[in-house]
$ cat data-v4.txt   # compact mmCIF, C-alpha atoms and all ligand atoms
# COMPACT_ATOMS: atom_id res chain seq x y z
CA MET H 972 13.44 -18.74 38.06
CA ARG H 973 11.29 -16.59 35.79
CA PRO H 974 13.16 -14.24 33.46
CA SER H 975 13.22 -10.60 34.50
CA VAL H 976 12.31 -7.89 31.98
CA PHE H 977 11.89 -4.16 31.81
CA VAL H 978 8.88 -2.82 29.90
CA SER H 979 9.52 0.85 29.18
CA ARG H 980 5.82 1.92 28.89
CA VAL H 981 2.37 0.71 29.78
CA ILE H 982 1.27 -1.08 26.60
CA PRO H 983 -2.11 -2.65 25.78
CA GLU H 984 -3.17 -5.47 28.10
CA ALA H 985 -3.15 -7.88 25.13
CA GLY H 986 0.66 -7.78 25.36
CA LEU H 987 1.16 -6.92 29.00
CA SER H 988 -0.80 -9.94 30.25
CA LEU H 989 1.44 -12.25 28.18
CA VAL H 990 4.58 -10.59 29.55
CA ARG H 991 3.32 -10.89 33.14
CA ALA H 992 2.38 -14.54 32.62
CA HIS H 993 5.92 -15.47 31.55
CA CYS H 994 8.25 -12.98 33.22
CA GLU H 995 8.98 -10.90 36.32
CA ALA H 996 8.06 -7.61 34.74
CA ASP H 997 9.22 -4.18 35.87
CA ILE H 998 6.80 -1.87 34.03
CA TRP H 999 7.49 1.87 33.73
CA PRO H 1000 4.20 3.44 34.82
CA GLU H 1001 4.55 7.06 33.66
CA VAL H 1002 3.05 8.78 30.62
CA MET H 1003 6.47 10.18 29.74
CA PRO H 1004 9.10 7.60 28.72
CA PRO H 1005 11.92 6.89 31.18
CA PRO H 1006 14.85 9.28 30.80
CA TYR H 1007 17.95 7.61 29.36
CA GLN H 1008 19.73 7.26 32.69
CA VAL H 1009 16.67 5.84 34.39
CA LEU H 1010 16.29 3.34 31.55
CA GLN H 1011 19.93 2.38 32.06
CA GLU H 1012 19.38 1.80 35.79
CA ARG H 1013 16.13 -0.15 35.41
CA LEU H 1014 17.56 -2.37 32.64
CA ARG H 1015 20.68 -3.33 34.61
CA GLY H 1016 20.59 -7.07 35.36
CA LYS H 1017 17.42 -7.73 33.31
CA ASP H 1018 17.09 -10.55 30.77
CA GLY H 1019 14.92 -8.64 28.32
CA LEU H 1020 13.72 -5.22 27.28
CA LEU H 1021 10.39 -4.31 25.71
CA CYS H 1022 10.80 -0.76 24.44
CA THR H 1023 9.16 1.84 22.21
CA LEU H 1024 10.43 4.26 19.58
CA ASN H 1025 10.91 6.86 22.33
CA ASP H 1026 13.78 4.96 23.92
CA ARG H 1027 17.35 5.50 22.71
CA ILE H 1028 18.95 2.06 22.70
CA ASP H 1029 22.64 2.55 22.02
CA ALA H 1030 25.80 0.52 22.64
CA ALA H 1031 26.40 2.12 26.05
CA LEU H 1032 22.89 1.23 27.22
CA ILE H 1033 23.22 -2.36 25.99
CA ASP H 1034 26.60 -2.73 27.71
CA SER H 1035 25.42 -1.27 30.98
CA ALA H 1036 22.47 -3.72 31.01
CA GLY H 1037 24.95 -6.57 31.57
CA PRO H 1038 25.87 -9.78 29.71
CA GLN H 1039 22.62 -11.56 30.72
CA LEU H 1040 20.52 -9.33 28.39
CA LYS H 1041 19.03 -11.68 25.79
CA VAL H 1042 16.56 -9.65 23.73
CA ILE H 1043 15.40 -6.18 22.76
CA SER H 1044 11.79 -6.17 21.64
CA GLN H 1045 10.49 -2.95 20.12
CA MET H 1046 6.75 -2.30 19.92
CA ALA H 1047 6.98 -0.68 16.46
CA VAL H 1048 7.98 -1.67 12.97
CA GLY H 1049 10.58 1.12 12.72
CA TYR H 1050 13.74 0.76 14.81
CA ASP H 1051 15.88 3.76 13.97
CA ASN H 1052 16.16 4.46 17.73
CA ILE H 1053 18.12 1.23 18.21
CA ASP H 1054 21.78 0.65 17.40
CA VAL H 1055 21.12 -2.60 15.54
CA ARG H 1056 24.79 -3.15 14.76
CA ALA H 1057 25.79 -2.85 18.42
CA ALA H 1058 23.03 -5.26 19.52
CA HIS H 1059 23.89 -7.85 16.88
CA ALA H 1060 27.62 -7.56 17.63
CA ARG H 1061 26.75 -8.59 21.20
CA GLY H 1062 24.52 -11.44 19.99
CA ILE H 1063 21.29 -9.75 21.10
CA PRO H 1064 18.38 -10.17 18.70
CA ILE H 1065 15.96 -7.30 18.11
CA GLY H 1066 12.26 -7.86 17.58
CA ASN H 1067 9.82 -5.53 15.84
CA THR H 1068 6.17 -5.58 14.76
CA PRO H 1069 5.92 -5.57 10.95
CA GLY H 1070 2.69 -6.13 9.04
CA VAL H 1071 0.11 -5.51 11.74
CA LEU H 1072 0.23 -1.72 11.39
CA THR H 1073 0.30 -1.60 7.60
CA ASP H 1074 -3.39 -0.89 7.08
CA ALA H 1075 -3.73 1.56 9.96
CA THR H 1076 -0.74 3.56 8.71
CA ALA H 1077 -1.91 3.50 5.10
CA ASP H 1078 -5.35 4.67 6.27
CA LEU H 1079 -3.76 7.58 8.09
CA ALA H 1080 -1.58 8.51 5.10
CA PHE H 1081 -4.74 8.63 3.03
CA ALA H 1082 -6.63 10.60 5.67
CA LEU H 1083 -3.80 13.15 5.73
CA LEU H 1084 -3.72 13.33 1.95
CA LEU H 1085 -7.44 14.06 1.76
CA CYS H 1086 -7.26 16.42 4.71
CA ALA H 1087 -4.54 18.54 3.09
CA ALA H 1088 -5.92 18.32 -0.46
CA ARG H 1089 -9.40 19.41 0.62
CA ARG H 1090 -8.23 21.81 3.33
CA LEU H 1091 -10.24 20.21 6.13
CA VAL H 1092 -8.36 21.82 9.01
CA GLU H 1093 -8.79 25.28 7.48
CA GLY H 1094 -12.49 24.52 6.99
CA ILE H 1095 -12.91 23.51 10.63
CA GLU H 1096 -11.07 26.64 11.81
CA TYR H 1097 -13.19 28.78 9.47
CA ILE H 1098 -16.39 27.56 11.12
CA ARG H 1099 -14.99 27.83 14.64
CA ALA H 1100 -13.94 31.43 13.94
CA GLY H 1101 -17.54 32.27 12.97
CA ARG H 1102 -16.62 32.96 9.34
CA TRP H 1103 -19.23 30.59 7.81
CA ILE H 1104 -21.82 33.15 6.84
CA THR H 1105 -22.80 31.81 3.41
CA TRP H 1106 -21.89 29.24 0.75
CA GLU H 1107 -18.92 30.78 -1.02
CA PRO H 1108 -18.17 29.97 -4.66
CA MET H 1109 -14.49 30.79 -4.24
CA ALA H 1110 -13.66 29.84 -0.66
CA LEU H 1111 -11.48 26.96 0.54
CA LEU H 1112 -10.86 25.53 -2.91
CA GLY H 1113 -8.64 22.48 -2.80
CA GLY H 1114 -7.05 19.96 -5.13
CA ASP H 1115 -8.72 17.05 -6.94
CA LEU H 1116 -7.63 13.48 -6.45
CA SER H 1117 -9.10 11.78 -9.51
CA GLY H 1118 -6.74 12.08 -12.45
CA ALA H 1119 -3.93 13.50 -10.29
CA THR H 1120 -0.60 11.71 -9.83
CA LEU H 1121 0.26 10.16 -6.47
CA GLY H 1122 3.97 9.54 -5.99
CA ILE H 1123 4.94 6.86 -3.48
CA LEU H 1124 8.44 6.99 -2.05
CA GLY H 1125 9.02 3.41 -0.91
CA LEU H 1126 6.77 0.68 -2.26
CA GLY H 1127 7.08 -1.67 0.72
CA ARG H 1128 4.17 -3.03 2.73
CA ILE H 1129 2.73 0.37 3.65
CA GLY H 1130 3.46 2.00 0.28
CA GLN H 1131 1.62 -0.87 -1.43
CA ALA H 1132 -1.35 -0.53 0.93
CA VAL H 1133 -1.52 3.18 0.06
CA ALA H 1134 -1.42 2.28 -3.64
CA ARG H 1135 -4.39 -0.08 -3.19
CA ARG H 1136 -6.40 2.68 -1.52
CA ALA H 1137 -5.38 5.20 -4.17
CA ARG H 1138 -6.76 3.08 -6.99
CA GLY H 1139 -10.25 3.59 -5.55
CA PHE H 1140 -9.76 7.33 -5.91
CA ASP H 1141 -8.68 7.09 -9.58
CA LEU H 1142 -5.24 8.47 -8.93
CA ARG H 1143 -2.42 7.77 -11.35
CA LEU H 1144 0.30 5.96 -9.41
CA ILE H 1145 4.06 6.26 -9.65
CA ALA H 1146 6.68 5.07 -7.18
CA CYS H 1147 10.38 5.28 -6.55
CA SER H 1148 11.54 2.18 -4.74
CA PRO H 1149 14.84 0.59 -5.76
CA ASP H 1150 13.96 -2.79 -4.22
CA ALA H 1151 10.39 -3.03 -5.58
CA SER H 1152 9.63 -5.91 -7.88
CA PRO H 1153 8.36 -4.74 -11.28
CA GLU H 1154 5.75 -7.54 -11.15
CA ASP H 1155 4.31 -6.27 -7.84
CA ALA H 1156 4.29 -2.73 -9.18
CA LEU H 1157 2.50 -3.85 -12.34
CA LYS H 1158 -0.14 -5.73 -10.33
CA LEU H 1159 -0.79 -2.59 -8.30
CA GLY H 1160 -0.98 -0.40 -11.39
CA VAL H 1161 2.11 1.54 -10.25
CA GLU H 1162 4.74 2.84 -12.66
CA LEU H 1163 8.27 2.69 -11.20
CA VAL H 1164 10.22 5.91 -11.82
CA SER H 1165 13.47 7.53 -10.72
CA PHE H 1166 13.62 9.75 -7.63
CA ASP H 1167 13.86 12.88 -9.79
CA GLU H 1168 10.85 11.84 -11.87
CA LEU H 1169 8.90 11.07 -8.72
CA LEU H 1170 9.56 14.60 -7.44
CA ARG H 1171 8.77 16.23 -10.77
CA GLN H 1172 5.57 14.35 -11.60
CA SER H 1173 3.81 13.98 -8.23
CA ASP H 1174 0.78 16.11 -7.37
CA TYR H 1175 0.80 14.32 -4.01
CA LEU H 1176 3.94 12.67 -2.68
CA THR H 1177 3.69 10.19 0.19
CA ILE H 1178 6.74 8.89 2.06
CA HIS H 1179 7.05 5.24 3.13
CA VAL H 1180 10.76 4.58 3.59
CA PRO H 1181 12.47 3.69 6.88
CA LEU H 1182 14.83 6.24 8.41
CA ASN H 1183 18.47 5.25 7.96
CA PRO H 1184 21.68 7.03 6.89
CA GLN H 1185 20.63 6.75 3.22
CA THR H 1186 17.18 8.25 3.71
CA ARG H 1187 17.95 10.96 6.31
CA HIS H 1188 16.97 14.30 4.74
CA LEU H 1189 16.24 12.63 1.40
CA ILE H 1190 13.60 15.31 0.97
CA ASP H 1191 15.82 18.38 1.29
CA ALA H 1192 15.68 21.87 -0.20
CA ALA H 1193 16.94 20.64 -3.58
CA ALA H 1194 14.33 17.86 -3.71
CA LEU H 1195 11.52 20.22 -2.68
CA LYS H 1196 12.55 22.63 -5.47
CA GLN H 1197 12.02 19.88 -8.02
CA MET H 1198 8.42 19.38 -6.89
CA LYS H 1199 5.41 21.14 -8.42
CA PRO H 1200 4.38 24.39 -6.68
CA SER H 1201 0.93 22.82 -6.36
CA ALA H 1202 2.26 19.62 -4.76
CA ILE H 1203 1.39 18.29 -1.31
CA LEU H 1204 3.86 16.23 0.72
CA VAL H 1205 2.54 13.54 3.08
CA ASN H 1206 4.82 11.88 5.64
CA THR H 1207 3.83 8.99 7.88
CA SER H 1208 7.28 7.34 8.08
CA ARG H 1209 9.87 9.24 10.15
CA GLY H 1210 10.37 12.98 10.50
CA GLY H 1211 14.09 12.68 9.78
CA VAL H 1212 13.47 11.67 6.15
CA VAL H 1213 12.51 15.31 5.54
CA ASP H 1214 14.82 18.27 6.16
CA GLN H 1215 12.26 20.08 8.27
CA PRO H 1216 13.74 23.63 8.17
CA ALA H 1217 13.89 23.28 4.36
CA LEU H 1218 10.25 22.13 4.33
CA ILE H 1219 9.16 25.11 6.43
CA GLU H 1220 10.91 27.46 4.01
CA ALA H 1221 9.31 25.69 1.05
CA LEU H 1222 5.83 25.97 2.61
CA ARG H 1223 6.36 29.66 3.45
CA ASN H 1224 7.64 30.56 0.01
CA GLY H 1225 5.19 28.57 -2.10
CA VAL H 1226 7.84 26.12 -3.35
CA ILE H 1227 5.21 23.45 -2.63
CA ALA H 1228 1.55 24.00 -1.72
CA GLY H 1229 1.18 21.97 1.45
CA ALA H 1230 2.34 19.24 3.79
CA ALA H 1231 0.50 16.72 5.96
CA LEU H 1232 2.70 15.14 8.58
CA ASP H 1233 2.22 12.40 11.15
CA VAL H 1234 5.91 12.50 11.99
CA THR H 1235 8.24 15.39 12.72
CA ASP H 1236 11.80 16.05 13.78
CA PRO H 1237 11.98 16.31 16.75
CA GLU H 1238 9.01 14.57 18.34
CA PRO H 1239 7.14 15.94 20.09
CA LEU H 1240 7.16 19.39 18.48
CA PRO H 1241 6.93 22.26 20.95
CA ALA H 1242 3.55 23.99 20.71
CA ASP H 1243 5.21 27.20 19.48
CA HIS H 1244 7.13 25.47 16.69
CA PRO H 1245 6.96 27.43 13.38
CA LEU H 1246 5.59 24.40 11.53
CA LEU H 1247 2.45 24.51 13.64
CA SER H 1248 1.56 28.06 12.67
CA LEU H 1249 1.67 27.48 8.93
CA PRO H 1250 -1.82 27.42 7.38
CA ASN H 1251 -0.67 24.97 4.71
CA ALA H 1252 0.73 22.36 7.12
CA VAL H 1253 -1.40 19.72 8.82
CA VAL H 1254 0.43 18.03 11.68
CA VAL H 1255 -0.78 15.14 13.85
CA PRO H 1256 1.15 13.51 16.72
CA HIS H 1257 2.57 10.25 15.27
CA ILE H 1258 -0.71 8.33 15.32
CA GLY H 1259 -0.23 6.17 12.20
CA SER H 1260 -0.65 2.93 14.14
CA ALA H 1261 -3.03 4.34 16.74
CA SER H 1262 -6.09 2.18 16.23
CA ARG H 1263 -7.26 -0.10 19.04
CA ARG H 1264 -6.91 -3.34 17.10
CA THR H 1265 -3.52 -2.39 15.67
CA ARG H 1266 -2.02 -1.43 19.02
CA ASP H 1267 -3.32 -4.69 20.54
CA HIS H 1268 -1.60 -6.62 17.74
CA MET H 1269 1.62 -4.66 18.16
CA ALA H 1270 1.64 -5.23 21.92
CA ARG H 1271 1.03 -8.97 21.48
CA MET H 1272 3.78 -9.30 18.87
CA ALA H 1273 6.23 -7.35 21.00
CA ALA H 1274 5.41 -9.60 23.98
CA GLU H 1275 5.85 -12.74 21.87
CA ASN H 1276 9.25 -11.53 20.65
CA LEU H 1277 10.28 -10.70 24.22
CA ILE H 1278 9.20 -14.06 25.62
CA ALA H 1279 10.89 -15.99 22.80
CA GLY H 1280 14.09 -14.01 23.34
CA VAL H 1281 14.31 -14.52 27.10
CA SER H 1282 13.60 -18.24 26.56
CA GLY H 1283 16.49 -18.52 24.10
CA GLN H 1284 14.13 -19.19 21.17
CA PRO H 1285 14.32 -17.51 17.75
CA LEU H 1286 12.13 -14.39 17.67
CA PRO H 1287 8.95 -14.74 15.59
CA HIS H 1288 9.65 -11.28 14.10
CA ALA H 1289 13.33 -10.40 14.18
CA VAL H 1290 15.04 -7.38 12.65
CA PRO H 1291 17.59 -8.71 10.12
CA PRO H 1292 21.28 -8.24 10.98
CA PRO H 1293 22.78 -5.16 9.30
CA GLY H 1294 24.28 -5.96 5.87
C1 LIG H 1301 6.22 2.23 13.83
O1 LIG H 1301 5.75 1.15 14.19
O2 LIG H 1301 7.37 2.36 13.45
C2 LIG H 1301 5.30 3.38 13.88
O3 LIG H 1301 5.91 4.57 13.56
C3 LIG H 1301 4.61 3.45 15.23
O4 LIG H 1301 3.38 4.02 14.98
$ encode --input "data-v4.txt" --output "structure tokens" --more "lines below"
Ligand code: DGY
Amino acid sequence: MRPSVFVSRVIPEAGLSLVRAHCEADIWPEVMPPPYQVLQERLRGKDGLLCTLNDRIDAALIDSAGPQLKVISQMAVGYDNIDVRAAHARGIPIGNTPGVLTDATADLAFALLLCAARRLVEGIEYIRAGRWITWEPMALLGGDLSGATLGILGLGRIGQAVARRARGFDLRLIACSPDASPEDALKLGVELVSFDELLRQSDYLTIHVPLNPQTRHLIDAAALKQMKPSAILVNTSRGGVVDQPALIEALRNGVIAGAALDVTDPEPLPADHPLLSLPNAVVVPHIGSASRRTRDHMARMAAENLIAGVSGQPLPHAVPPPG
């Protein structure tokens, strides 16, 4: 009998065709993710789950699925929506999709950095409002990149890819990353500094750490106060790393100059959220990995993890057990 799986969203065909070829797949067809209770019902009795970062996968959900559940395969590199400890305690491996979205996410971090530094959104709105009546010597002045200091919080795969891009823009590079190897940092031309130094020295600060209990609200009011009033914060990791109310206050009161965010807390943000009315905040809807090739790769990797898991094989890309 073919293994039965629940796929919680329609994902690119590159992955879906693999899943269909190996499994009896129940695929959630809606644009909106399944509500928690619906997810619980549809997963009951299944051998595997292919999920996204929208799904809350906690101990209760895993238990209600039943003892036959063999694998949880997430189509994302981040997995803060999954209770990893609970899954591992029940012997269920978790798959994720590292590596394939590194470049796309680093590209977007850089796009956001440039967008905020050079005030692109304000420029577009200025034209649309009919205010472009002449070349203005003093209008829409932004920050320079060359010679400025880019601080990288988290020098993992994506942080390193951002560093490589930044070298082409003649930025000075510093990073705070307790696990980074000094040799790697040296090769990238990055100086490793403490968290406080990172905050104090950065003209642009870009966040590339996973969300976990240690990083939740790492950028809080106290951290923002240490930053330069001219600084711009870029976040393409997880919204929860930043204390969002504190960020809004900081942007309103000129504690920092701007923010460019691909991720927020919560997601999605309601259209009337205060963050969206700030002229010095650029917000896009969690599209770091949203390139066609990247999403195909992610879907394929997630399918491969799922198929390996339901077949009792080691996952090609497994989340390590919690330490
Ligand atoms: C991830 O993979 O964790 C990303 O946030 C999805 O774009």
$ residues_around --input "data-v4.txt" --residues "Thr1186 in chain H" --least-positions-apart "2" --cutoff "10 Å" --atoms "only C-alpha atoms" --output "ChimeraX atom specification"
/H:1180-1184,1188-1190,1209,1211-1213
$ residues_around --input "data-v4.txt" --residues "Gly1118 in chain H" --least-positions-apart "2" --cutoff "9 Å" --atoms "all atoms listed in the file" --output "NGL selection string"
:H and (1115-1116 or 1120 or 1140-1143)
$ write_last_selection --input "data-v4.txt" --atoms "C-alpha atoms" --output "PDB file, in the frame of the given file"
ATOM      1  CA  ASP H1115      -8.720  17.050  -6.940  1.00  0.00           C
ATOM      2  CA  LEU H1116      -7.630  13.480  -6.450  1.00  0.00           C
ATOM      3  CA  THR H1120      -0.600  11.710  -9.830  1.00  0.00           C
ATOM      4  CA  PHE H1140      -9.760   7.330  -5.910  1.00  0.00           C
ATOM      5  CA  ASP H1141      -8.680   7.090  -9.580  1.00  0.00           C
ATOM      6  CA  LEU H1142      -5.240   8.470  -8.930  1.00  0.00           C
ATOM      7  CA  ARG H1143      -2.420   7.770 -11.350  1.00  0.00           C
TER       8      ARG H1143
END
$ residues_near_ligand --input "data-v4.txt" --ligand "ligand LIG 1301 (chain H)" --cutoff "6 Å" --atoms "all atoms listed in the file" --output "PyMOL selection string"
chain H and resi 1047-1049+1258-1260
$ atom_distance --input "data-v4.txt" --atom1 "CA of Ala1270 in chain H" --atom2 "CA of Phe977 in chain H"
14.3 Å
$ atom_distance --input "data-v4.txt" --atom1 "CA of Pro983 in chain H" --atom2 "CA of Val1281 in chain H"
20.3 Å
$ residues_around --input "data-v4.txt" --residues "Pro1291 in chain H" --least-positions-apart "3" --cutoff "12 Å" --atoms "all atoms listed in the file" --output "list of chain:residue names"
H:Tyr1050, H:Val1055, H:Arg1056, H:Ala1058, H:His1059, H:Ile1063, H:Pro1064, H:Ile1065, H:Gly1066, H:Asn1067, H:Leu1286, H:Pro1287, H:His1288, H:Gly1294
$ write_last_selection --input "data-v4.txt" --atoms "C-alpha atoms" --output "PDB file, in the frame of the given file"
ATOM      1  CA  TYR H1050      13.740   0.760  14.810  1.00  0.00           C
ATOM      2  CA  VAL H1055      21.120  -2.600  15.540  1.00  0.00           C
ATOM      3  CA  ARG H1056      24.790  -3.150  14.760  1.00  0.00           C
ATOM      4  CA  ALA H1058      23.030  -5.260  19.520  1.00  0.00           C
ATOM      5  CA  HIS H1059      23.890  -7.850  16.880  1.00  0.00           C
ATOM      6  CA  ILE H1063      21.290  -9.750  21.100  1.00  0.00           C
ATOM      7  CA  PRO H1064      18.380 -10.170  18.700  1.00  0.00           C
ATOM      8  CA  ILE H1065      15.960  -7.300  18.110  1.00  0.00           C
ATOM      9  CA  GLY H1066      12.260  -7.860  17.580  1.00  0.00           C
ATOM     10  CA  ASN H1067       9.820  -5.530  15.840  1.00  0.00           C
ATOM     11  CA  LEU H1286      12.130 -14.390  17.670  1.00  0.00           C
ATOM     12  CA  PRO H1287       8.950 -14.740  15.590  1.00  0.00           C
ATOM     13  CA  HIS H1288       9.650 -11.280  14.100  1.00  0.00           C
ATOM     14  CA  GLY H1294      24.280  -5.960   5.870  1.00  0.00           C
TER      15      GLY H1294
END
$ residues_around --input "data-v4.txt" --residues "Val1092 in chain H" --least-positions-apart "6" --cutoff "9 Å" --atoms "all atoms listed in the file" --output "PyMOL selection string"
chain H and resi 1086+1250+1253
$ atom_distance --input "data-v4.txt" --atom1 "CA of Arg1061 in chain H" --atom2 "CA of Leu1040 in chain H"
9.5 Å
$ closest_residue --input "data-v4.txt" --among "H:Gln1011, H:Gln1197, H:Ser975, H:Asn1206" --to "Glu995 in chain H" --atoms "all atoms listed in the file"
H:Ser975
$ residues_around --input "data-v4.txt" --residues "Leu1014 in chain H" --least-positions-apart "5" --cutoff "9 Å" --atoms "only C-alpha atoms" --output "PyMOL selection string"
chain H and resi 976-977+1009+1019-1020+1032-1033+1035-1037+1040
$ closest_residue --input "data-v4.txt" --among "H:Ala1080, H:Ala1202, H:Leu1072, H:Leu1195" --to "His1179 in chain H" --atoms "only C-alpha atoms"
H:Ala1080
$ closest_atom_pairs --input "data-v4.txt" --of "range 1016-1083 of chain H" --to "range 1218-1231 of chain H" --cutoff "12 Å" --atoms "all atoms listed in the file" --output "CSV"
residue,atom,partner,partner_atom,distance
H:Leu1079,CA,H:Ala1231,CA,10.3
H:Ala1080,CA,H:Ala1231,CA,8.5
H:Phe1081,CA,H:Ala1231,CA,10.1
H:Ala1082,CA,H:Ala1231,CA,9.4
H:Leu1083,CA,H:Ala1231,CA,5.6
$ axis_aligned_box --input "data-v4.txt" --around "range 1104-1112 of chain H" --padding-each-side "4 Å" --output "AutoDock Vina command-line options"
--center_x -16.8 --center_y 29.3 --center_z 1.1 --size_x 19.9 --size_y 15.6 --size_z 19.5
$ closest_residue --input "data-v4.txt" --among "H:Ala1193, H:Ala1137, H:Ile1178, H:Leu1126" --to "Leu1085 in chain H" --atoms "all atoms listed in the file"
H:Ala1137
$ closest_residue --input "data-v4.txt" --among "H:Gly1114, H:Gly1283, H:Pro1239, H:Pro1000" --to "Arg1089 in chain H" --atoms "all atoms listed in the file"
H:Gly1114
$ closest_residue --input "data-v4.txt" --among "H:Ile1028, H:Leu1021, H:Ala1088, H:Leu1124" --to "Gly1280 in chain H" --atoms "all atoms listed in the file"
H:Leu1021
$ residues_near_point --input "data-v4.txt" --point "(-2.4, -9.5, 21.2)" --cutoff "9 Å" --atoms "only C-alpha atoms" --output "number ranges by chain"
H: 983-987, 989, 1264, 1266-1275
$ closest_residue --input "data-v4.txt" --among "H:Pro1237, H:Leu1111, H:Gln1039, H:Asn1052" --to "Ile1098 in chain H" --atoms "all atoms listed in the file"
H:Leu1111
$ decode --input "data-v4.txt" --residues "range 1142-1148 of chain H" --atoms "all heavy atoms" --output "PDB file, in the first residue's frame"
ATOM      1  N   LEU H1142      31.153  48.224   0.972  1.00  0.00           N
ATOM      2  CA  LEU H1142      30.766  48.424   2.368  1.00  0.00           C
ATOM      3  C   LEU H1142      31.847  47.856   3.284  1.00  0.00           C
ATOM      4  O   LEU H1142      32.502  46.858   2.945  1.00  0.00           O
ATOM      5  CB  LEU H1142      29.446  47.712   2.648  1.00  0.00           C
ATOM      6  CG  LEU H1142      28.188  48.445   2.164  1.00  0.00           C
ATOM      7  CD1 LEU H1142      27.119  47.451   1.739  1.00  0.00           C
ATOM      8  CD2 LEU H1142      27.639  49.367   3.251  1.00  0.00           C
ATOM      9  N   ARG H1143      32.009  48.452   4.441  1.00  0.00           N
ATOM     10  CA  ARG H1143      32.843  47.828   5.476  1.00  0.00           C
ATOM     11  C   ARG H1143      31.949  46.820   6.198  1.00  0.00           C
ATOM     12  O   ARG H1143      30.788  47.117   6.482  1.00  0.00           O
ATOM     13  CB  ARG H1143      33.323  48.915   6.440  1.00  0.00           C
ATOM     14  CG  ARG H1143      34.007  48.390   7.642  1.00  0.00           C
ATOM     15  CD  ARG H1143      34.436  49.480   8.619  1.00  0.00           C
ATOM     16  NE  ARG H1143      34.850  48.849   9.838  1.00  0.00           N
ATOM     17  CZ  ARG H1143      34.223  48.967  11.003  1.00  0.00           C
ATOM     18  NH1 ARG H1143      33.190  49.772  11.123  1.00  0.00           N
ATOM     19  NH2 ARG H1143      34.662  48.322  12.068  1.00  0.00           N
ATOM     20  N   LEU H1144      32.489  45.649   6.494  1.00  0.00           N
ATOM     21  CA  LEU H1144      31.635  44.570   7.019  1.00  0.00           C
ATOM     22  C   LEU H1144      32.009  44.168   8.428  1.00  0.00           C
ATOM     23  O   LEU H1144      33.183  43.862   8.712  1.00  0.00           O
ATOM     24  CB  LEU H1144      31.763  43.341   6.112  1.00  0.00           C
ATOM     25  CG  LEU H1144      31.283  43.540   4.674  1.00  0.00           C
ATOM     26  CD1 LEU H1144      31.577  42.313   3.831  1.00  0.00           C
ATOM     27  CD2 LEU H1144      29.802  43.829   4.666  1.00  0.00           C
ATOM     28  N   ILE H1145      31.014  44.162   9.307  1.00  0.00           N
ATOM     29  CA  ILE H1145      31.211  43.614  10.645  1.00  0.00           C
ATOM     30  C   ILE H1145      30.074  42.617  10.900  1.00  0.00           C
ATOM     31  O   ILE H1145      29.021  42.708  10.277  1.00  0.00           O
ATOM     32  CB  ILE H1145      31.233  44.716  11.739  1.00  0.00           C
ATOM     33  CG1 ILE H1145      29.912  45.512  11.745  1.00  0.00           C
ATOM     34  CG2 ILE H1145      32.420  45.641  11.554  1.00  0.00           C
ATOM     35  CD1 ILE H1145      29.833  46.531  12.880  1.00  0.00           C
ATOM     36  N   ALA H1146      30.319  41.673  11.803  1.00  0.00           N
ATOM     37  CA  ALA H1146      29.260  40.697  12.105  1.00  0.00           C
ATOM     38  C   ALA H1146      29.345  40.264  13.553  1.00  0.00           C
ATOM     39  O   ALA H1146      30.427  40.220  14.141  1.00  0.00           O
ATOM     40  CB  ALA H1146      29.389  39.471  11.193  1.00  0.00           C
ATOM     41  N   CYS H1147      28.190  39.970  14.105  1.00  0.00           N
ATOM     42  CA  CYS H1147      28.125  39.332  15.420  1.00  0.00           C
ATOM     43  C   CYS H1147      27.527  37.965  15.196  1.00  0.00           C
ATOM     44  O   CYS H1147      26.398  37.849  14.678  1.00  0.00           O
ATOM     45  CB  CYS H1147      27.253  40.151  16.360  1.00  0.00           C
ATOM     46  SG  CYS H1147      26.863  39.247  17.863  1.00  0.00           S
ATOM     47  N   SER H1148      28.279  36.942  15.522  1.00  0.00           N
ATOM     48  CA  SER H1148      27.846  35.581  15.218  1.00  0.00           C
ATOM     49  C   SER H1148      28.686  34.629  16.051  1.00  0.00           C
ATOM     50  O   SER H1148      29.771  34.224  15.635  1.00  0.00           O
ATOM     51  CB  SER H1148      28.055  35.337  13.719  1.00  0.00           C
ATOM     52  OG  SER H1148      27.433  34.161  13.311  1.00  0.00           O
TER      53      SER H1148
END
